[in-house]
>>> print(open('target13.tsv').read())   # TSV, C-alpha atoms (C1' of nucleotides)
chain	number	residue	atom	x	y	z
I	31	MET	CA	0.96	1.19	-13.84
I	32	ILE	CA	1.56	0.78	-10.19
I	33	PRO	CA	-0.78	-1.76	-8.63
I	34	VAL	CA	-3.15	-0.68	-5.94
I	35	THR	CA	-2.57	-2.77	-2.90
I	36	ASP	CA	-5.28	-4.49	-0.97
I	37	GLU	CA	-3.23	-4.25	2.16
I	38	PRO	CA	-4.60	-2.77	5.30
I	39	THR	CA	-3.34	0.72	5.88
I	40	LEU	CA	-1.55	1.99	8.94
I	41	SER	CA	-4.84	3.37	10.13
I	42	ASP	CA	-6.69	0.15	9.46
I	43	ASP	CA	-8.35	0.29	12.84
I	44	THR	CA	-10.57	3.06	11.53
I	45	GLY	CA	-13.05	0.81	9.80
I	46	ILE	CA	-12.74	2.90	6.68
I	47	ASP	CA	-12.90	1.16	3.35
I	48	PHE	CA	-9.98	2.86	1.69
I	49	MET	CA	-9.92	0.21	-0.97
I	50	LEU	CA	-13.37	0.97	-2.33
I	51	ILE	CA	-12.67	4.69	-2.14
I	52	GLU	CA	-9.61	4.16	-4.31
I	53	ALA	CA	-11.35	1.79	-6.67
I	54	PHE	CA	-14.04	4.38	-7.23
I	55	PHE	CA	-11.43	7.02	-8.01
I	56	PHE	CA	-9.57	4.85	-10.51
I	57	ALA	CA	-12.76	3.64	-12.13
I	58	TYR	CA	-14.05	7.14	-12.70
I	59	ARG	CA	-10.67	8.37	-13.92
I	60	ASP	CA	-10.60	5.77	-16.67
I	61	PHE	CA	-14.30	6.11	-17.39
I	62	THR	CA	-13.92	9.79	-18.20
I	63	ALA	CA	-10.69	9.25	-20.09
I	64	ASP	CA	-12.62	7.30	-22.74
I	65	ALA	CA	-14.45	10.34	-24.01
I	66	ASP	CA	-11.65	12.84	-23.53
I	67	ALA	CA	-9.76	11.74	-26.61
I	68	ILE	CA	-12.81	12.26	-28.81
I	69	LEU	CA	-13.65	15.60	-27.23
I	70	GLU	CA	-10.16	16.85	-27.89
I	71	THR	CA	-10.64	16.56	-31.64
I	72	TYR	CA	-13.59	18.96	-31.33
I	73	GLY	CA	-11.81	21.39	-29.05
I	74	PHE	CA	-14.29	20.45	-26.35
I	75	GLY	CA	-13.76	19.46	-22.74
I	76	ARG	CA	-15.64	17.46	-20.17
I	77	ALA	CA	-17.99	20.29	-19.45
I	78	HIS	CA	-19.20	20.18	-23.04
I	79	HIS	CA	-19.68	16.45	-22.77
I	80	ARG	CA	-21.83	16.71	-19.68
I	81	VAL	CA	-24.00	19.44	-21.16
I	82	LEU	CA	-24.47	17.58	-24.41
I	83	HIS	CA	-25.18	14.35	-22.59
I	84	PHE	CA	-28.00	15.77	-20.51
I	85	VAL	CA	-29.53	17.80	-23.31
I	86	ASN	CA	-29.51	14.63	-25.37
I	87	ARG	CA	-31.02	12.62	-22.57
I	88	ARG	CA	-33.65	15.15	-21.62
I	89	PRO	CA	-34.45	17.11	-24.76
I	90	GLY	CA	-36.34	20.30	-24.01
I	91	LEU	CA	-34.89	20.86	-20.59
I	92	THR	CA	-34.36	24.44	-19.52
I	93	VAL	CA	-31.16	26.22	-18.58
I	94	ALA	CA	-32.25	26.27	-14.94
I	95	GLU	CA	-32.84	22.53	-14.93
I	96	LEU	CA	-29.46	21.93	-16.48
I	97	LEU	CA	-27.76	24.06	-13.84
I	98	GLU	CA	-29.51	22.07	-11.14
I	99	ILE	CA	-28.39	18.77	-12.62
I	100	LEU	CA	-24.80	19.78	-13.14
I	101	ARG	CA	-24.59	21.82	-9.95
I	102	ILE	CA	-22.52	24.51	-11.54
I	103	THR	CA	-23.14	28.23	-11.88
I	104	LYS	CA	-24.84	30.01	-14.73
I	105	GLN	CA	-21.57	31.55	-15.79
I	106	SER	CA	-19.79	28.23	-15.94
I	107	LEU	CA	-22.51	26.83	-18.12
I	108	ALA	CA	-22.78	29.89	-20.37
I	109	ARG	CA	-19.45	29.45	-22.10
I	110	VAL	CA	-19.74	25.80	-22.97
I	111	LEU	CA	-23.40	26.06	-23.91
I	112	LYS	CA	-22.66	28.95	-26.25
I	113	GLN	CA	-19.94	26.95	-27.93
I	114	LEU	CA	-22.23	23.96	-28.36
I	115	ILE	CA	-24.90	26.18	-29.88
I	116	ASP	CA	-22.42	27.95	-32.16
I	117	SER	CA	-21.03	24.62	-33.33
I	118	GLY	CA	-24.52	23.40	-34.16
I	119	HIS	CA	-24.77	20.64	-31.57
I	120	ILE	CA	-27.52	22.20	-29.49
I	121	GLU	CA	-30.51	24.39	-30.36
I	122	GLN	CA	-32.43	26.81	-28.19
I	123	VAL	CA	-36.18	27.16	-28.45
I	124	THR	CA	-38.14	29.79	-26.59
I	125	GLY	CA	-40.46	28.13	-24.10
I	126	PRO	CA	-43.99	27.79	-25.50
I	127	LYS	CA	-45.65	28.53	-22.18
I	128	ASP	CA	-43.05	30.65	-20.47
I	129	LYS	CA	-41.26	32.77	-23.02
I	130	ARG	CA	-38.44	33.56	-20.61
I	131	GLN	CA	-37.30	29.97	-20.80
I	132	ARG	CA	-34.88	28.61	-23.36
I	133	LYS	CA	-35.57	24.97	-23.97
I	134	LEU	CA	-32.52	23.05	-25.13
I	135	TYR	CA	-32.55	20.39	-27.82
I	136	PRO	CA	-29.79	18.38	-29.44
I	137	THR	CA	-29.46	18.69	-33.19
I	138	GLU	CA	-28.83	15.66	-35.39
I	139	LYS	CA	-25.16	16.55	-35.18
I	140	GLY	CA	-25.41	16.81	-31.40
I	141	ARG	CA	-27.12	13.46	-31.07
I	142	ASN	CA	-24.43	11.84	-33.17
I	143	LEU	CA	-21.67	13.29	-31.05
I	144	ALA	CA	-23.42	12.33	-27.83
I	145	LEU	CA	-23.70	8.80	-29.15
I	146	ASN	CA	-20.07	8.63	-30.19
I	147	LEU	CA	-19.00	9.85	-26.77
I	148	ALA	CA	-21.21	7.36	-24.97
I	149	MET	CA	-20.10	4.35	-26.97
I	150	PRO	CA	-16.65	3.76	-25.48
I	151	GLN	CA	-18.02	4.42	-22.01
I	152	SER	CA	-20.85	1.97	-22.53
I	153	ARG	CA	-18.41	-0.59	-23.88
I	154	ARG	CA	-16.20	-0.19	-20.83
I	155	ILE	CA	-19.16	-0.59	-18.51
I	156	ASN	CA	-20.43	-3.67	-20.30
I	157	THR	CA	-17.03	-5.30	-20.31
I	158	ALA	CA	-16.66	-4.60	-16.62
I	159	LEU	CA	-20.11	-5.95	-15.87
I	160	GLN	CA	-19.32	-9.18	-17.63
I	161	GLN	CA	-16.43	-9.69	-15.24
I	162	THR	CA	-18.54	-8.85	-12.23
I	163	GLY	CA	-20.76	-11.86	-11.73
I	164	VAL	CA	-24.39	-12.86	-11.70
I	165	GLY	CA	-26.76	-10.00	-11.08
I	166	GLY	CA	-23.93	-7.56	-11.45
I	167	HIS	CA	-25.88	-5.05	-13.45
I	168	SER	CA	-28.72	-4.63	-11.03
I	169	GLN	CA	-26.42	-4.54	-8.01
I	170	VAL	CA	-24.07	-2.01	-9.53
I	171	GLU	CA	-27.02	0.08	-10.61
I	172	ALA	CA	-28.53	-0.06	-7.14
I	173	PHE	CA	-25.21	0.92	-5.59
I	174	LEU	CA	-24.57	3.86	-7.88
I	175	LYS	CA	-28.07	5.19	-7.37
I	176	ALA	CA	-27.82	4.79	-3.61
I	177	MET	CA	-24.61	6.84	-3.66
I	178	VAL	CA	-26.57	9.90	-4.73
I	179	GLY	CA	-28.15	12.37	-2.40
V	120	MET	CA	-41.49	-18.36	-18.71
V	121	ILE	CA	-39.98	-14.97	-18.31
V	122	PRO	CA	-36.19	-15.15	-18.37
V	123	VAL	CA	-34.29	-13.43	-15.59
V	124	THR	CA	-32.11	-11.06	-17.50
V	125	ASP	CA	-29.42	-8.67	-16.52
V	126	GLU	CA	-29.98	-6.46	-19.49
V	127	PRO	CA	-29.30	-2.75	-19.42
V	128	THR	CA	-32.39	-0.61	-19.25
V	129	LEU	CA	-32.48	1.03	-22.62
V	130	SER	CA	-34.26	4.23	-23.37
V	131	ASP	CA	-33.61	4.08	-27.08
V	132	ASP	CA	-32.44	1.83	-29.88
V	133	THR	CA	-28.73	2.57	-29.63
V	134	GLY	CA	-27.91	-0.27	-27.30
V	135	ILE	CA	-26.10	2.17	-25.06
V	136	ASP	CA	-26.70	2.07	-21.34
V	137	PHE	CA	-27.16	5.77	-20.79
V	138	MET	CA	-28.69	5.13	-17.42
V	139	LEU	CA	-25.60	3.55	-15.91
V	140	ILE	CA	-23.41	6.22	-17.47
V	141	GLU	CA	-25.52	8.85	-15.75
V	142	ALA	CA	-25.69	6.97	-12.48
V	143	PHE	CA	-21.91	6.80	-12.45
V	144	PHE	CA	-21.67	10.53	-13.03
V	145	PHE	CA	-24.11	11.42	-10.24
V	146	ALA	CA	-22.53	8.95	-7.85
V	147	TYR	CA	-19.07	10.37	-8.35
V	148	ARG	CA	-20.33	13.95	-8.17
V	149	ASP	CA	-21.78	13.37	-4.73
V	150	PHE	CA	-18.90	11.17	-3.63
V	151	THR	CA	-16.38	13.95	-4.22
V	152	ALA	CA	-18.67	16.61	-2.78
V	153	ASP	CA	-18.37	14.97	0.62
V	154	ALA	CA	-14.75	15.89	1.03
V	155	ASP	CA	-14.89	19.22	-0.76
V	156	ALA	CA	-16.55	21.01	2.13
V	157	ILE	CA	-13.79	19.91	4.52
V	158	LEU	CA	-11.03	20.75	2.07
V	159	GLU	CA	-12.38	24.24	1.65
V	160	THR	CA	-11.73	25.05	5.30
V	161	TYR	CA	-8.05	24.26	4.70
V	162	GLY	CA	-7.81	26.17	1.45
V	163	PHE	CA	-7.19	22.87	-0.30
V	164	GLY	CA	-8.79	21.35	-3.38
V	165	ARG	CA	-9.35	17.90	-4.76
V	166	ALA	CA	-5.80	17.65	-6.00
V	167	HIS	CA	-4.54	18.01	-2.43
V	168	HIS	CA	-6.97	15.34	-1.33
V	169	ARG	CA	-5.77	12.84	-3.89
V	170	VAL	CA	-2.11	13.44	-3.08
V	171	LEU	CA	-2.70	13.15	0.65
V	172	HIS	CA	-4.82	10.06	0.19
V	173	PHE	CA	-2.17	8.14	-1.74
V	174	VAL	CA	0.70	9.25	0.45
V	175	ASN	CA	-1.31	8.07	3.44
V	176	ARG	CA	-2.15	4.79	1.74
V	177	ARG	CA	1.36	4.09	0.54
V	178	PRO	CA	3.72	5.84	2.92
V	179	GLY	CA	7.22	6.13	1.50
V	180	LEU	CA	6.16	6.26	-2.12
V	181	THR	CA	8.27	8.39	-4.41
V	182	VAL	CA	7.30	11.41	-6.46
V	183	ALA	CA	7.57	9.36	-9.65
V	184	GLU	CA	5.23	6.70	-8.29
V	185	LEU	CA	2.74	9.32	-7.25
V	186	LEU	CA	2.79	10.88	-10.72
V	187	GLU	CA	2.15	7.46	-12.22
V	188	ILE	CA	-0.81	6.83	-9.94
V	189	LEU	CA	-2.42	10.22	-10.45
V	190	ARG	CA	-1.53	10.43	-14.14
V	191	ILE	CA	-0.71	14.09	-13.93
V	192	THR	CA	2.47	15.96	-14.78
V	193	LYS	CA	5.30	16.83	-12.45
V	194	GLN	CA	4.36	20.47	-12.60
V	195	SER	CA	0.76	19.84	-11.67
V	196	LEU	CA	1.85	17.82	-8.68
V	197	ALA	CA	4.55	20.27	-7.61
V	198	ARG	CA	2.17	22.99	-6.53
V	199	VAL	CA	-0.11	20.93	-4.35
V	200	LEU	CA	2.69	18.81	-2.93
V	201	LYS	CA	4.61	21.90	-1.91
V	202	GLN	CA	1.55	23.27	-0.14
V	203	LEU	CA	0.98	20.00	1.69
V	204	ILE	CA	4.61	19.95	2.80
V	205	ASP	CA	4.55	23.60	3.87
V	206	SER	CA	1.36	23.03	5.83
V	207	GLY	CA	2.94	20.10	7.65
V	208	HIS	CA	0.73	17.35	6.26
V	209	ILE	CA	3.42	15.54	4.28
V	210	GLU	CA	7.13	15.00	4.90
V	211	GLN	CA	9.89	14.29	2.42
V	212	VAL	CA	12.70	11.90	3.24
V	213	THR	CA	15.69	11.35	0.99
V	214	GLY	CA	15.67	7.80	-0.32
V	215	PRO	CA	17.98	5.55	1.73
V	216	LYS	CA	19.16	3.58	-1.28
V	217	ASP	CA	18.75	6.10	-4.07
V	218	LYS	CA	19.45	9.54	-2.73
V	219	ARG	CA	17.82	11.20	-5.73
V	220	GLN	CA	14.46	9.98	-4.55
V	221	ARG	CA	12.20	11.85	-2.17
V	222	LYS	CA	10.10	9.42	-0.26
V	223	LEU	CA	6.80	10.89	0.89
V	224	TYR	CA	5.24	10.25	4.29
V	225	PRO	CA	2.15	11.63	5.94
V	226	THR	CA	2.69	13.41	9.24
V	227	GLU	CA	0.39	12.84	12.19
V	228	LYS	CA	-1.48	15.93	11.06
V	229	GLY	CA	-1.64	14.55	7.52
V	230	ARG	CA	-2.97	11.18	8.68
V	231	ASN	CA	-5.66	12.90	10.69
V	232	LEU	CA	-6.77	14.99	7.75
V	233	ALA	CA	-6.74	12.00	5.41
V	234	LEU	CA	-8.91	10.16	7.87
V	235	ASN	CA	-11.35	13.03	8.27
V	236	LEU	CA	-11.67	13.30	4.52
V	237	ALA	CA	-12.22	9.58	4.09
V	238	MET	CA	-14.87	9.27	6.77
V	239	PRO	CA	-17.83	10.86	5.01
V	240	GLN	CA	-16.94	9.07	1.79
V	241	SER	CA	-16.72	5.74	3.57
V	242	ARG	CA	-20.01	6.40	5.31
V	243	ARG	CA	-21.68	7.18	2.00
V	244	ILE	CA	-20.29	4.00	0.46
V	245	ASN	CA	-21.39	1.84	3.38
V	246	THR	CA	-24.85	3.31	3.41
V	247	ALA	CA	-25.15	2.72	-0.32
V	248	LEU	CA	-23.88	-0.85	-0.01
V	249	GLN	CA	-26.50	-1.62	2.61
V	250	GLN	CA	-29.17	-0.68	0.12
V	251	THR	CA	-27.60	-2.71	-2.64
V	252	GLY	CA	-28.40	-6.28	-1.80
V	253	VAL	CA	-26.70	-9.55	-0.97
V	254	GLY	CA	-23.12	-9.74	-2.12
V	255	GLY	CA	-23.18	-6.10	-2.99
V	256	HIS	CA	-19.76	-5.31	-1.66
V	257	SER	CA	-17.88	-7.93	-3.64
V	258	GLN	CA	-19.84	-7.24	-6.80
V	259	VAL	CA	-19.35	-3.50	-6.61
V	260	GLU	CA	-15.69	-4.00	-5.86
V	261	ALA	CA	-15.30	-6.34	-8.80
V	262	PHE	CA	-17.07	-3.92	-11.08
V	263	LEU	CA	-15.04	-0.89	-10.07
V	264	LYS	CA	-11.79	-2.76	-10.46
V	265	ALA	CA	-12.85	-4.11	-13.85
V	266	MET	CA	-13.52	-0.57	-14.99
V	267	VAL	CA	-9.83	0.25	-14.73
V	268	GLY	CA	-7.34	-0.19	-17.52
Q	197	DA	C1'	-51.53	49.01	-13.59
Q	198	DA	C1'	-47.55	48.85	-10.81
Q	199	DA	C1'	-44.32	46.17	-8.27
Q	200	DA	C1'	-41.95	42.06	-7.39
Q	201	DA	C1'	-40.10	37.89	-8.76
Q	202	DT	C1'	-38.20	34.82	-12.26
Q	203	DA	C1'	-35.36	33.01	-16.33
Q	204	DT	C1'	-31.83	34.08	-18.84
Q	205	DG	C1'	-27.76	36.55	-20.56
Q	206	DT	C1'	-23.46	39.05	-19.99
Q	207	DC	C1'	-19.33	41.43	-18.02
Q	208	DA	C1'	-15.25	41.56	-15.04
Q	209	DA	C1'	-12.27	39.39	-12.04
Q	210	DT	C1'	-10.36	35.35	-9.76
Q	211	DA	C1'	-9.03	30.40	-8.33
Q	212	DG	C1'	-7.79	25.55	-8.96
Q	213	DT	C1'	-5.88	22.25	-11.71
Q	214	DG	C1'	-4.33	20.53	-15.62
Q	215	DC	C1'	-0.87	21.09	-19.81
Q	216	DT	C1'	3.94	21.84	-22.64
Q	217	DG	C1'	8.64	23.04	-23.02
Q	218	DA	C1'	12.89	24.29	-21.23
Q	219	DC	C1'	16.46	24.07	-18.10
Q	220	DA	C1'	19.12	22.85	-13.65
Q	221	DT	C1'	21.09	19.78	-10.08
Q	222	DA	C1'	22.38	15.78	-7.85
Q	223	DA	C1'	22.89	10.94	-7.94
Q	224	DT	C1'	23.19	6.61	-10.23
Q	225	DT	C1'	24.16	3.58	-14.03
Q	226	DT	C1'	26.58	2.39	-18.11
Y	197	DA	C1'	33.72	9.97	-18.33
Y	198	DA	C1'	29.27	9.92	-20.32
Y	199	DA	C1'	24.59	8.94	-20.23
Y	200	DT	C1'	20.56	8.35	-17.72
Y	201	DT	C1'	17.42	9.08	-13.95
Y	202	DA	C1'	14.77	11.54	-10.15
Y	203	DT	C1'	13.53	15.60	-8.85
Y	204	DG	C1'	12.83	20.63	-8.84
Y	205	DT	C1'	11.72	24.98	-11.00
Y	206	DC	C1'	10.44	28.70	-14.32
Y	207	DA	C1'	7.38	30.76	-17.76
Y	208	DG	C1'	3.29	30.57	-20.08
Y	209	DC	C1'	-1.18	28.69	-21.43
Y	210	DA	C1'	-6.03	26.25	-21.35
Y	211	DC	C1'	-10.20	24.71	-19.23
Y	212	DT	C1'	-13.49	24.84	-15.83
Y	213	DA	C1'	-15.07	26.45	-11.94
Y	214	DT	C1'	-16.17	30.52	-8.72
Y	215	DT	C1'	-18.51	35.34	-7.02
Y	216	DG	C1'	-20.66	39.66	-7.74
Y	217	DA	C1'	-22.88	42.96	-10.44
Y	218	DC	C1'	-25.98	44.38	-13.74
Y	219	DA	C1'	-29.38	44.08	-17.91
Y	220	DT	C1'	-33.57	42.41	-20.35
Y	221	DA	C1'	-37.73	40.21	-21.08
Y	222	DT	C1'	-41.45	37.92	-19.08
Y	223	DT	C1'	-44.52	36.28	-15.59
Y	224	DT	C1'	-46.64	36.59	-11.14
Y	225	DT	C1'	-48.23	39.09	-7.29
Y	226	DT	C1'	-50.18	42.91	-5.13
>>> encode(input="target13.tsv", output="structure tokens")
Amino acid sequence: MIPVTDEPTLSDDTGIDFMLIEAFFFAYRDFTADADAILETYGFGRAHHRVLHFVNRRPGLTVAELLEILRITKQSLARVLKQLIDSGHIEQVTGPKDKRQRKLYPTEKGRNLALNLAMPQSRRINTALQQTGVGGHSQVEAFLKAMVG
Amino acid sequence: MIPVTDEPTLSDDTGIDFMLIEAFFFAYRDFTADADAILETYGFGRAHHRVLHFVNRRPGLTVAELLEILRITKQSLARVLKQLIDSGHIEQVTGPKDKRQRKLYPTEKGRNLALNLAMPQSRRINTALQQTGVGGHSQVEAFLKAMVG
DNA sequence: AAAAATATGTCAATAGTGCTGACATAATTT
DNA sequence: AAATTATGTCAGCACTATTGACATATTTTT
């Protein structure tokens, strides 16, 4: 792998932190790569992973809520959600109050897969945090949350 | 006395830090969204952004080096690189030592675009870092770099 | 009760970005 | 001279995203 330099760029007078931008890119690239290998054996992609993750995390959430979280369109979601339902990883339950809603729940199978996908990612994060320094977890958490919105 | 821990906030008994996994997802989603709006006005996508970014950061890098950095195939790169060359954002120069090589350089136009794309991302990062706490920059940097590989 | 709005589902068409495999050319190394 | 390397290109395919249109059932508003 070609090392990423810490050198100032030609346009270093811009005050732009190109290094952190790059570090973020590389970190996310490898973070997602962890789960990709597992997903491949199921014929799933990253979209499936994200859907399963959030249904697992927030059981009973509606389709509309899921669309809002993922910021994708209904049509983009439809395919992967259908596959996850057909494969028995996610169940739909008609909303008890509003019968138009379809509340989404992970099955046992779905929870197991979500867990297996999260494990290598969690391991990578923990290993990285151990190399980060005192208070790393809370600082990294604060940073990532502040990046949103 | 209550120990000061740096333990992950767990929402279940799996020992997996789902919260940080999610935070990383949301952070990257919004991080990339910054540039997407600009890219759209050029008819470019994220792939163009990444290519332009690394050519700008490492002027004179070869096609092979770029493929290694991006971890994509030659064919995936070919399309976007051709468009960036045709649009006058990147130039190719035959390698002075090895004439098989095509060394890639950003043009003035390319440097300007790379800068405009980096600005909102850098602003988001800086704003987030300010909310992170003392030593945030070095800790976040250490974490992101430790996530790679 | 009728009309409007909402939640979801589905169809058709398209775009961006990744992949594999095959093959070609020019230049360098063995 | 032969093998290897760096790059380019072609054909085809997969996944994930998009927009727009339309359908159904249900809830809310008028």
>>> closest_residue(input="target13.tsv", among="Q:DA203, Q:DT213, Q:DA197, Q:DT225", to="Y:DA213", atoms="all atoms listed in the file")
Q:DT213
>>> calpha_fit_rmsd(input="target13.tsv", fixed="chain I", moving="chain V")
5.4 Å
>>> closest_residue(input="target13.tsv", among="Q:DA200, Q:DA220, Q:DC215, Q:DC207", to="chain V", atoms="all atoms listed in the file")
Q:DC215
>>> atom_distance(input="target13.tsv", atom1="atom C1' of Y:DA210", atom2="atom CA of I:Tyr72")
14.5 Å
>>> interface_residues(input="target13.tsv", of="chain V", to="chain I", cutoff="7 Å", atoms="all atoms listed in the file", output="ChimeraX atom specification")
/V:125,135-136,139,142-143,145-146,149,176,187-188,238,241,243-244,247-248,250-252,255,258-268
